[in-house]
$ cat final33.txt   # compact mmCIF, C-alpha atoms
# COMPACT_ATOMS: atom_id res chain seq x y z
CA MET I 1 84.66 78.89 93.72
CA THR I 2 83.10 82.33 93.78
CA ASN I 3 85.29 85.45 93.72
CA SER I 4 83.22 86.95 96.54
CA LEU I 5 84.96 84.70 99.10
CA LEU I 6 88.59 83.86 99.71
CA ILE I 7 89.46 80.64 101.55
CA GLU I 8 92.88 79.80 102.92
CA GLN I 9 93.60 76.62 104.84
CA ARG I 10 96.36 76.57 107.46
CA GLY I 11 96.40 73.05 108.80
CA ALA I 12 93.24 72.55 110.86
CA ILE I 13 92.41 76.27 110.69
CA GLU I 14 90.58 77.81 107.74
CA ILE I 15 90.51 81.54 107.04
CA LEU I 16 87.31 82.67 105.34
CA SER I 17 87.41 86.22 103.93
CA LEU I 18 84.62 88.29 102.40
CA ASN I 19 86.07 89.61 99.16
CA ARG I 20 84.05 92.51 97.73
CA PRO I 21 86.19 95.34 99.14
CA ASP I 22 85.15 97.80 96.42
CA LYS I 23 81.54 97.33 97.61
CA LEU I 24 82.46 97.35 101.32
CA ASN I 25 81.79 93.59 101.24
CA SER I 26 78.06 94.17 100.95
CA MET I 27 76.04 91.03 100.41
CA ASN I 28 75.12 90.15 96.86
CA GLU I 29 73.38 86.97 95.82
CA ASP I 30 76.62 85.24 94.85
CA MET I 31 78.19 85.90 98.25
CA ILE I 32 75.17 84.72 100.23
CA PHE I 33 74.83 81.42 98.42
CA ALA I 34 78.59 80.88 98.59
CA LEU I 35 78.44 81.43 102.36
CA GLN I 36 75.57 78.96 102.59
CA ASP I 37 77.53 76.34 100.68
CA TYR I 38 80.65 76.95 102.75
CA PHE I 39 79.07 76.71 106.20
CA ARG I 40 76.82 73.81 105.21
CA ALA I 41 79.82 71.79 104.00
CA LEU I 42 81.62 72.28 107.33
CA GLN I 43 79.31 69.72 108.92
CA ASP I 44 81.32 66.94 107.28
CA ARG I 45 84.79 68.55 107.38
CA HIS I 46 86.22 67.44 110.70
CA ASP I 47 89.74 68.05 109.39
CA ILE I 48 88.91 71.75 109.75
CA ARG I 49 88.57 72.52 113.46
CA VAL I 50 88.43 76.33 113.71
CA ILE I 51 87.24 79.05 111.33
CA ILE I 52 88.68 82.56 111.17
CA PHE I 53 86.04 84.84 109.60
CA ARG I 54 87.31 88.17 108.28
CA ALA I 55 86.94 90.60 105.38
CA GLU I 56 89.15 92.28 102.80
CA GLY I 57 89.32 96.07 102.60
CA ARG I 58 88.24 98.83 104.95
CA ALA I 59 84.88 97.42 106.06
CA PHE I 60 83.75 94.07 107.39
CA CYS I 61 80.34 94.15 105.67
CA ALA I 62 78.11 97.11 104.90
CA GLY I 63 74.97 94.97 104.76
CA LEU I 64 72.79 94.04 101.81
CA ASP I 65 73.70 95.08 98.27
CA ILE I 66 70.09 95.52 97.22
CA GLY I 67 70.78 96.09 93.53
CA ALA I 68 73.06 93.06 93.14
CA TRP I 69 70.41 90.35 93.32
CA LYS I 70 69.13 88.71 90.15
CA ASN I 71 65.80 89.96 88.90
CA ASP I 72 63.68 87.04 87.73
CA GLY I 73 60.72 89.31 87.13
CA THR I 74 59.47 89.16 90.70
CA ARG I 75 61.65 91.92 92.19
CA GLY I 76 59.63 94.01 94.62
CA SER I 77 57.13 91.20 95.18
CA VAL I 78 56.54 89.40 98.45
CA GLN I 79 58.03 86.28 96.90
CA HIS I 80 61.29 88.00 95.94
CA ILE I 81 61.68 89.74 99.30
CA TRP I 82 60.98 86.48 101.15
CA HIS I 83 63.57 84.66 99.02
CA THR I 84 66.21 87.29 99.81
CA GLN I 85 65.30 87.39 103.51
CA ARG I 86 65.45 83.65 104.01
CA SER I 87 68.62 83.26 101.94
CA ILE I 88 70.56 85.60 104.25
CA ALA I 89 68.99 84.30 107.46
CA THR I 90 69.99 80.76 106.49
CA VAL I 91 73.66 81.79 106.60
CA MET I 92 73.36 82.75 110.29
CA GLN I 93 71.58 79.48 111.05
CA LEU I 94 74.32 77.47 109.33
CA MET I 95 76.99 79.37 111.24
CA ARG I 96 75.44 78.32 114.54
CA GLN I 97 74.97 74.74 113.34
CA CYS I 98 78.49 74.12 112.06
CA PRO I 99 80.61 72.24 114.63
CA GLN I 100 83.68 74.48 114.28
CA PRO I 101 84.09 77.56 116.49
CA ILE I 102 84.04 80.75 114.41
CA ILE I 103 86.41 83.56 115.36
CA ALA I 104 85.30 86.79 113.68
CA LEU I 105 87.64 89.72 113.00
CA GLY I 106 85.89 93.02 112.30
CA GLN I 107 87.09 96.37 111.00
CA GLY I 108 85.28 99.44 109.74
CA ALA I 109 81.55 99.19 109.21
CA ALA I 110 79.52 96.10 110.09
CA CYS I 111 75.96 97.14 109.30
CA GLY I 112 72.69 95.23 109.16
CA GLY I 113 73.44 91.74 107.90
CA GLY I 114 77.15 92.40 108.44
CA PHE I 115 76.47 93.03 112.13
CA SER I 116 74.52 89.78 112.29
CA LEU I 117 77.44 87.85 110.76
CA LEU I 118 79.56 89.04 113.68
CA LEU I 119 76.81 88.24 116.20
CA ALA I 120 76.44 84.70 114.81
CA SER I 121 80.15 84.03 115.33
CA ASP I 122 81.44 82.48 118.53
CA VAL I 123 84.23 84.96 119.36
CA ARG I 124 84.64 88.51 118.07
CA PHE I 125 87.74 90.73 117.92
CA GLY I 126 87.51 94.27 116.58
CA ALA I 127 89.81 96.95 115.24
CA PRO I 128 89.55 100.39 116.90
CA ASN I 129 87.58 101.67 113.88
CA LEU I 130 84.94 98.92 114.08
CA LYS I 131 81.40 100.29 114.22
CA MET I 132 78.32 98.08 114.20
CA ASN I 133 74.62 98.73 113.89
CA ALA I 134 71.30 97.01 113.27
CA ALA I 135 70.62 99.26 110.29
CA TYR I 136 67.28 97.72 109.36
CA ILE I 137 65.16 100.19 111.32
CA LYS I 138 66.87 103.04 109.47
CA ILE I 139 65.30 101.95 106.18
CA GLY I 140 61.70 101.70 107.30
CA LEU I 141 61.85 98.13 108.58
CA GLY I 142 61.93 96.72 112.09
CA GLY I 143 65.16 96.70 114.03
CA CYS I 144 64.89 92.95 114.70
CA ASP I 145 66.36 91.08 111.74
CA MET I 146 68.87 88.38 110.83
CA GLY I 147 68.98 87.07 114.39
CA SER I 148 69.66 90.43 116.04
CA SER I 149 66.74 90.12 118.47
CA TYR I 150 68.03 86.66 119.48
CA PHE I 151 71.76 87.30 119.76
CA LEU I 152 71.95 90.82 121.19
CA PRO I 153 69.91 90.38 124.41
CA ARG I 154 71.85 87.22 125.19
CA LEU I 155 75.20 88.91 124.57
CA VAL I 156 74.67 92.32 126.18
CA GLY I 157 71.33 92.27 128.02
CA SER I 158 67.94 93.69 127.16
CA SER I 159 68.67 97.37 127.86
CA LEU I 160 71.55 97.80 125.41
CA ALA I 161 69.89 95.46 122.91
CA SER I 162 66.76 97.61 123.01
CA GLU I 163 68.80 100.79 122.67
CA LEU I 164 70.54 99.52 119.55
CA LEU I 165 67.57 97.80 117.91
CA LEU I 166 65.06 100.59 118.53
CA THR I 167 67.33 103.28 117.08
CA GLY I 168 69.76 101.67 114.66
CA ARG I 169 72.54 103.70 116.29
CA PHE I 170 76.13 102.55 116.00
CA ILE I 171 78.09 100.90 118.76
CA HIS I 172 81.84 101.41 118.40
CA ALA I 173 84.67 99.07 119.34
CA GLU I 174 85.60 100.74 122.63
CA ARG I 175 82.10 100.53 124.06
CA ALA I 176 81.51 97.10 122.54
CA GLU I 177 84.57 95.73 124.32
CA LYS I 178 83.56 97.22 127.67
CA LEU I 179 80.15 95.58 127.39
CA GLY I 180 81.46 92.20 126.26
CA LEU I 181 80.13 92.36 122.71
CA ILE I 182 83.66 91.86 121.44
CA SER I 183 86.43 90.08 123.35
CA GLU I 184 89.16 92.61 122.65
CA THR I 185 90.01 95.66 120.58
CA VAL I 186 93.30 95.24 118.72
CA ASP I 187 95.05 97.23 116.00
CA GLU I 188 93.81 96.31 112.55
CA ASP I 189 97.13 94.79 111.51
CA LYS I 190 97.02 92.60 114.62
CA LEU I 191 93.53 91.20 114.00
CA LEU I 192 94.60 88.12 112.08
CA PRO I 193 97.52 87.22 114.39
CA THR I 194 95.17 87.63 117.38
CA GLY I 195 92.56 85.37 115.83
CA LEU I 196 95.13 82.77 114.82
CA ALA I 197 96.65 82.74 118.33
CA LEU I 198 93.25 81.95 119.83
CA ALA I 199 92.59 79.33 117.15
CA GLU I 200 95.90 77.63 118.00
CA GLU I 201 94.85 77.46 121.65
CA MET I 202 91.60 75.80 120.58
CA LEU I 203 93.63 73.25 118.60
CA ASP I 204 95.28 72.15 121.85
CA THR I 205 91.95 70.59 122.87
CA ALA I 206 90.50 67.22 121.89
CA PRO I 207 88.69 67.57 118.53
CA MET I 208 85.38 66.03 119.62
CA GLY I 209 85.53 67.89 122.91
CA LEU I 210 85.85 71.19 121.04
CA ARG I 211 82.91 70.39 118.76
CA LEU I 212 80.67 69.32 121.63
CA THR I 213 81.60 72.38 123.68
CA LYS I 214 80.22 74.63 120.94
CA ASP I 215 77.16 72.40 120.73
CA ALA I 216 76.53 72.59 124.49
CA LEU I 217 76.99 76.38 124.53
CA ASN I 218 74.44 76.70 121.73
CA ARG I 219 71.91 74.51 123.48
CA ASN I 220 72.37 75.79 127.01
CA ILE I 221 71.94 79.44 126.16
CA ASP I 222 68.28 78.48 125.77
CA ALA I 223 68.17 75.76 128.42
CA GLN I 224 64.85 75.55 130.25
CA SER I 225 66.58 75.30 133.60
CA PHE I 226 69.89 74.83 135.36
CA GLU I 227 69.06 71.13 135.62
CA ALA I 228 68.48 70.89 131.86
CA ALA I 229 71.85 72.53 131.18
CA MET I 230 73.57 70.17 133.59
CA ALA I 231 71.95 67.17 131.90
CA ILE I 232 73.51 68.13 128.55
CA GLU I 233 76.91 68.66 130.18
CA ASP I 234 76.74 65.34 132.07
CA ARG I 235 75.89 63.35 128.95
CA GLN I 236 78.59 65.11 126.95
CA GLN I 237 81.29 64.45 129.52
CA ALA I 238 80.29 60.82 130.04
CA MET I 239 80.39 60.18 126.29
CA LEU I 240 83.73 61.97 125.79
CA SER I 241 85.33 60.01 128.64
CA PHE I 242 85.06 56.86 126.48
CA THR I 243 87.06 58.33 123.56
CA GLU I 244 90.65 57.38 122.82
CA ASP I 245 91.50 61.08 122.97
CA SER I 246 90.36 61.23 126.59
CA ARG I 247 92.67 58.36 127.50
CA GLU I 248 95.49 60.02 125.54
CA ALA I 249 94.96 63.26 127.47
CA ALA I 250 95.35 61.42 130.77
CA LYS I 251 98.53 59.68 129.60
CA ALA I 252 99.97 62.98 128.36
CA PHE I 253 99.16 64.69 131.66
CA PHE I 254 101.04 62.14 133.74
CA SER I 255 103.91 62.04 131.22
CA LYS I 256 104.10 65.86 131.22
CA ARG I 257 103.81 66.07 127.44
CA LYS I 258 101.41 67.52 124.89
CA PRO I 259 98.55 65.16 123.90
CA ASP I 260 98.57 63.65 120.41
CA TYR I 261 94.87 63.74 119.57
CA LYS I 262 93.49 61.53 116.79
CA ASP I 263 89.77 62.47 116.92
CA ARG I 264 88.87 58.96 117.98

$ encode --input "final33.txt" --output "structure tokens"
Amino acid sequence: MTNSLLIEQRGAIEILSLNRPDKLNSMNEDMIFALQDYFRALQDRHDIRVIIFRAEGRAFCAGLDIGAWKNDGTRGSVQHIWHTQRSIATVMQLMRQCPQPIIALGQGAACGGGFSLLLASDVRFGAPNLKMNAAYIKIGLGGCDMGSSYFLPRLVGSSLASELLLTGRFIHAERAEKLGLISETVDEDKLLPTGLALAEEMLDTAPMGLRLTKDALNRNIDAQSFEAAMAIEDRQQAMLSFTEDSREAAKAFFSKRKPDYKDR
């Protein structure tokens, strides 16, 4: 396993930590491909039901570590830039595709690709010192990168998304919470307990129901119509009603006890 990530399993919860604190957890090649491998493997790891995504040190992720990518002789070429671009973008795609909800915990700077890692998560909590920006436009590129033009308008509306993407300015935790970009601002030493408490609540649900809820949220954010969104929900609920876990939930309700889910 790469040193750029730390992974700790706590029952059905896994804590994934970026681990380049001396580099503000900026993205080098090793980290990006390790993140790809990690999120891709989650497709078949139903024993892990919730992911806590955090970072060591004083920053969540300062973006791309440009000088820390291998030079195969093509650096500076279109081919090399495309390889780097697609490698990072693939991480965000895999985060959305993995069946486990991702609870992100951010502190300090979350810039560029680091901002997009937070945006690609399902729930975000931030320390008071969290500051996020779509830094790309500050280095001569466009402000729309790594999913920012997809996630931001859906999370905060087109006006704030345009403000942030057209300028690269920072949005800090207090404003981000007021606008719904993060769920709550909590002291930095309370980030992990806050994330774990929410994860434990998620574990009180039926495993397949939790997975399909994330799936429906992903699909219905782009639903063509209200009717199309309802069709996904109807099919999901009808299918889940035939699971053993659904029958167990009903028995537990009438017996006034906690369900014993088996993911069947």

$ residues_around --input "final33.txt" --residues "Asp65 (chain I)" --least-positions-apart "4" --cutoff "9 Å" --atoms "all atoms listed in the file" --output "PyMOL selection string"
chain I and resi 23+25-29+69

$ closest_atom_pairs --input "final33.txt" --of "region 87-135 of chain I" --to "region 174-177 of chain I" --cutoff "10 Å" --atoms "all atoms listed in the file" --output "JSON lines"
{"residue": "I:Arg124", "atom": "CA", "partner": "I:Glu177", "partner_atom": "CA", "distance": 9.5}
{"residue": "I:Phe125", "atom": "CA", "partner": "I:Glu177", "partner_atom": "CA", "distance": 8.7}
{"residue": "I:Gly126", "atom": "CA", "partner": "I:Glu177", "partner_atom": "CA", "distance": 8.4}
{"residue": "I:Ala127", "atom": "CA", "partner": "I:Glu174", "partner_atom": "CA", "distance": 9.3}
{"residue": "I:Pro128", "atom": "CA", "partner": "I:Glu174", "partner_atom": "CA", "distance": 7.0}
{"residue": "I:Asn129", "atom": "CA", "partner": "I:Glu174", "partner_atom": "CA", "distance": 9.0}
{"residue": "I:Leu130", "atom": "CA", "partner": "I:Glu174", "partner_atom": "CA", "distance": 8.8}
{"residue": "I:Lys131", "atom": "CA", "partner": "I:Ala176", "partner_atom": "CA", "distance": 8.9}
{"residue": "I:Met132", "atom": "CA", "partner": "I:Ala176", "partner_atom": "CA", "distance": 9.0}

$ closest_residue --input "final33.txt" --among "I:Met208, I:Asp30, I:Arg20, I:Val91" --to "Phe242 (chain I)" --atoms "all atoms listed in the file"
I:Met208

$ atom_distance --input "final33.txt" --atom1 "CA of Gln107 (chain I)" --atom2 "CA of Glu188 (chain I)"
6.9 Å

$ closest_residue --input "final33.txt" --among "I:Cys111, I:Cys144, I:Leu212, I:Ala228" --to "Leu24 (chain I)" --atoms "all atoms listed in the file"
I:Cys111

$ residues_near_point --input "final33.txt" --point "(78.9, 84.4, 119.9)" --cutoff "12 Å" --atoms "all atoms listed in the file" --output "ChimeraX atom specification"
/I:92,95-96,101-104,115-125,147-148,150-156,180-183,214,217-218,221

$ residues_around --input "final33.txt" --residues "Ala206 (chain I)" --least-positions-apart "2" --cutoff "8 Å" --atoms "all atoms listed in the file" --output "MDAnalysis selection string"
chainID I and resid 203:204 208:210 245:246 261 263

$ write_last_selection --input "final33.txt" --atoms "C-alpha atoms" --output "compact mmCIF listing (two decimals), in the frame of the given file"
# COMPACT_ATOMS: atom_id res chain seq x y z
CA LEU I 203 93.63 73.25 118.60
CA ASP I 204 95.28 72.15 121.85
CA MET I 208 85.38 66.03 119.62
CA GLY I 209 85.53 67.89 122.91
CA LEU I 210 85.85 71.19 121.04
CA ASP I 245 91.50 61.08 122.97
CA SER I 246 90.36 61.23 126.59
CA TYR I 261 94.87 63.74 119.57
CA ASP I 263 89.77 62.47 116.92

$ residues_around --input "final33.txt" --residues "Arg45 (chain I)" --least-positions-apart "2" --cutoff "12 Å" --atoms "only C-alpha atoms" --output "PDB file with C-alpha atoms, in the coordinates of the input"
ATOM      1  CA  ALA I  12      93.240  72.550 110.860  1.00  0.00           C
ATOM      2  CA  ILE I  13      92.410  76.270 110.690  1.00  0.00           C
ATOM      3  CA  GLU I  14      90.580  77.810 107.740  1.00  0.00           C
ATOM      4  CA  TYR I  38      80.650  76.950 102.750  1.00  0.00           C
ATOM      5  CA  PHE I  39      79.070  76.710 106.200  1.00  0.00           C
ATOM      6  CA  ARG I  40      76.820  73.810 105.210  1.00  0.00           C
ATOM      7  CA  ALA I  41      79.820  71.790 104.000  1.00  0.00           C
ATOM      8  CA  LEU I  42      81.620  72.280 107.330  1.00  0.00           C
ATOM      9  CA  GLN I  43      79.310  69.720 108.920  1.00  0.00           C
ATOM     10  CA  ASP I  47      89.740  68.050 109.390  1.00  0.00           C
ATOM     11  CA  ILE I  48      88.910  71.750 109.750  1.00  0.00           C
ATOM     12  CA  ARG I  49      88.570  72.520 113.460  1.00  0.00           C
ATOM     13  CA  VAL I  50      88.430  76.330 113.710  1.00  0.00           C
ATOM     14  CA  ILE I  51      87.240  79.050 111.330  1.00  0.00           C
ATOM     15  CA  CYS I  98      78.490  74.120 112.060  1.00  0.00           C
ATOM     16  CA  PRO I  99      80.610  72.240 114.630  1.00  0.00           C
ATOM     17  CA  GLN I 100      83.680  74.480 114.280  1.00  0.00           C
ATOM     18  CA  PRO I 207      88.690  67.570 118.530  1.00  0.00           C
ATOM     19  CA  ARG I 211      82.910  70.390 118.760  1.00  0.00           C
TER      20      ARG I 211
END

$ atom_distance --input "final33.txt" --atom1 "CA of Arg86 (chain I)" --atom2 "CA of Gly113 (chain I)"
12.0 Å

$ atom_distance --input "final33.txt" --atom1 "CA of Gly143 (chain I)" --atom2 "CA of Met31 (chain I)"
23.1 Å

$ closest_residue --input "final33.txt" --among "I:Lys258, I:Ala252, I:Thr213, I:Ala223" --to "Gln237 (chain I)" --atoms "all atoms listed in the file"
I:Thr213

$ closest_residue --input "final33.txt" --among "I:Gly142, I:Gly195, I:Gly11, I:Gly112" --to "Ala89 (chain I)" --atoms "only C-alpha atoms"
I:Gly112

$ closest_residue --input "final33.txt" --among "I:Leu196, I:Pro21, I:Arg257, I:Phe33" --to "Phe53 (chain I)" --atoms "all atoms listed in the file"
I:Leu196

$ closest_residue --input "final33.txt" --among "I:Ser162, I:Gln36, I:Gln224, I:Asn133" --to "Gln97 (chain I)" --atoms "all atoms listed in the file"
I:Gln36

$ residues_around --input "final33.txt" --residues "Leu164 (chain I)" --least-positions-apart "5" --cutoff "8 Å" --atoms "all atoms listed in the file" --output "JSON, numbers by chain"
{"I": [133, 134, 169, 170, 171]}

$ axis_aligned_box --input "final33.txt" --around "region 151-169 of chain I" --padding-each-side "4 Å" --output "AutoDock Vina command-line options"
--center_x 70.1 --center_y 95.5 --center_z 121.3 --size_x 18.1 --size_y 24.5 --size_z 21.4

$ build_atoms --input "final33.txt" --residues "region 218-237 of chain I" --atoms "N, CA and C atoms" --output "PDB file, keeping the file's coordinate frame"
ATOM      1  N   ASN I 218      75.608  76.344 122.529  1.00  0.00           N
ATOM      2  CA  ASN I 218      74.440  76.700 121.730  1.00  0.00           C
ATOM      3  C   ASN I 218      73.143  76.266 122.400  1.00  0.00           C
ATOM      4  N   ARG I 219      73.132  75.052 122.898  1.00  0.00           N
ATOM      5  CA  ARG I 219      71.910  74.510 123.480  1.00  0.00           C
ATOM      6  C   ARG I 219      71.599  75.129 124.849  1.00  0.00           C
ATOM      7  N   ASN I 220      72.608  75.362 125.635  1.00  0.00           N
ATOM      8  CA  ASN I 220      72.370  75.790 127.010  1.00  0.00           C
ATOM      9  C   ASN I 220      72.079  77.272 127.141  1.00  0.00           C
ATOM     10  N   ILE I 221      72.332  78.031 126.100  1.00  0.00           N
ATOM     11  CA  ILE I 221      71.940  79.440 126.160  1.00  0.00           C
ATOM     12  C   ILE I 221      70.420  79.559 126.205  1.00  0.00           C
ATOM     13  N   ASP I 222      69.742  78.518 125.739  1.00  0.00           N
ATOM     14  CA  ASP I 222      68.280  78.480 125.770  1.00  0.00           C
ATOM     15  C   ASP I 222      67.758  77.364 126.675  1.00  0.00           C
ATOM     16  N   ALA I 223      68.597  76.867 127.551  1.00  0.00           N
ATOM     17  CA  ALA I 223      68.170  75.760 128.420  1.00  0.00           C
ATOM     18  C   ALA I 223      66.973  76.179 129.275  1.00  0.00           C
ATOM     19  N   GLN I 224      66.056  75.253 129.479  1.00  0.00           N
ATOM     20  CA  GLN I 224      64.850  75.550 130.250  1.00  0.00           C
ATOM     21  C   GLN I 224      65.147  75.759 131.721  1.00  0.00           C
ATOM     22  N   SER I 225      66.240  75.195 132.183  1.00  0.00           N
ATOM     23  CA  SER I 225      66.580  75.300 133.600  1.00  0.00           C
ATOM     24  C   SER I 225      68.040  74.963 133.795  1.00  0.00           C
ATOM     25  N   PHE I 226      68.536  75.234 134.992  1.00  0.00           N
ATOM     26  CA  PHE I 226      69.890  74.830 135.360  1.00  0.00           C
ATOM     27  C   PHE I 226      70.036  73.318 135.253  1.00  0.00           C
ATOM     28  N   GLU I 227      69.011  72.592 135.669  1.00  0.00           N
ATOM     29  CA  GLU I 227      69.060  71.130 135.620  1.00  0.00           C
ATOM     30  C   GLU I 227      69.160  70.633 134.174  1.00  0.00           C
ATOM     31  N   ALA I 228      68.430  71.289 133.271  1.00  0.00           N
ATOM     32  CA  ALA I 228      68.480  70.890 131.860  1.00  0.00           C
ATOM     33  C   ALA I 228      69.867  71.124 131.279  1.00  0.00           C
ATOM     34  N   ALA I 229      70.492  72.245 131.651  1.00  0.00           N
ATOM     35  CA  ALA I 229      71.850  72.530 131.180  1.00  0.00           C
ATOM     36  C   ALA I 229      72.836  71.501 131.724  1.00  0.00           C
ATOM     37  N   MET I 230      72.690  71.162 132.992  1.00  0.00           N
ATOM     38  CA  MET I 230      73.570  70.170 133.590  1.00  0.00           C
ATOM     39  C   MET I 230      73.410  68.803 132.928  1.00  0.00           C
ATOM     40  N   ALA I 231      72.200  68.465 132.533  1.00  0.00           N
ATOM     41  CA  ALA I 231      71.950  67.170 131.900  1.00  0.00           C
ATOM     42  C   ALA I 231      72.731  67.053 130.591  1.00  0.00           C
ATOM     43  N   ILE I 232      72.747  68.134 129.796  1.00  0.00           N
ATOM     44  CA  ILE I 232      73.510  68.130 128.550  1.00  0.00           C
ATOM     45  C   ILE I 232      74.997  67.974 128.846  1.00  0.00           C
ATOM     46  N   GLU I 233      75.493  68.731 129.829  1.00  0.00           N
ATOM     47  CA  GLU I 233      76.910  68.660 130.180  1.00  0.00           C
ATOM     48  C   GLU I 233      77.295  67.259 130.668  1.00  0.00           C
ATOM     49  N   ASP I 234      76.441  66.668 131.527  1.00  0.00           N
ATOM     50  CA  ASP I 234      76.740  65.340 132.070  1.00  0.00           C
ATOM     51  C   ASP I 234      76.830  64.296 130.961  1.00  0.00           C
ATOM     52  N   ARG I 235      75.884  64.320 130.040  1.00  0.00           N
ATOM     53  CA  ARG I 235      75.890  63.350 128.950  1.00  0.00           C
ATOM     54  C   ARG I 235      77.113  63.541 128.050  1.00  0.00           C
ATOM     55  N   GLN I 236      77.436  64.808 127.791  1.00  0.00           N
ATOM     56  CA  GLN I 236      78.590  65.110 126.950  1.00  0.00           C
ATOM     57  C   GLN I 236      79.879  64.596 127.570  1.00  0.00           C
ATOM     58  N   GLN I 237      80.055  64.858 128.858  1.00  0.00           N
ATOM     59  CA  GLN I 237      81.290  64.450 129.520  1.00  0.00           C
ATOM     60  C   GLN I 237      81.394  62.922 129.634  1.00  0.00           C
TER      61      GLN I 237
END
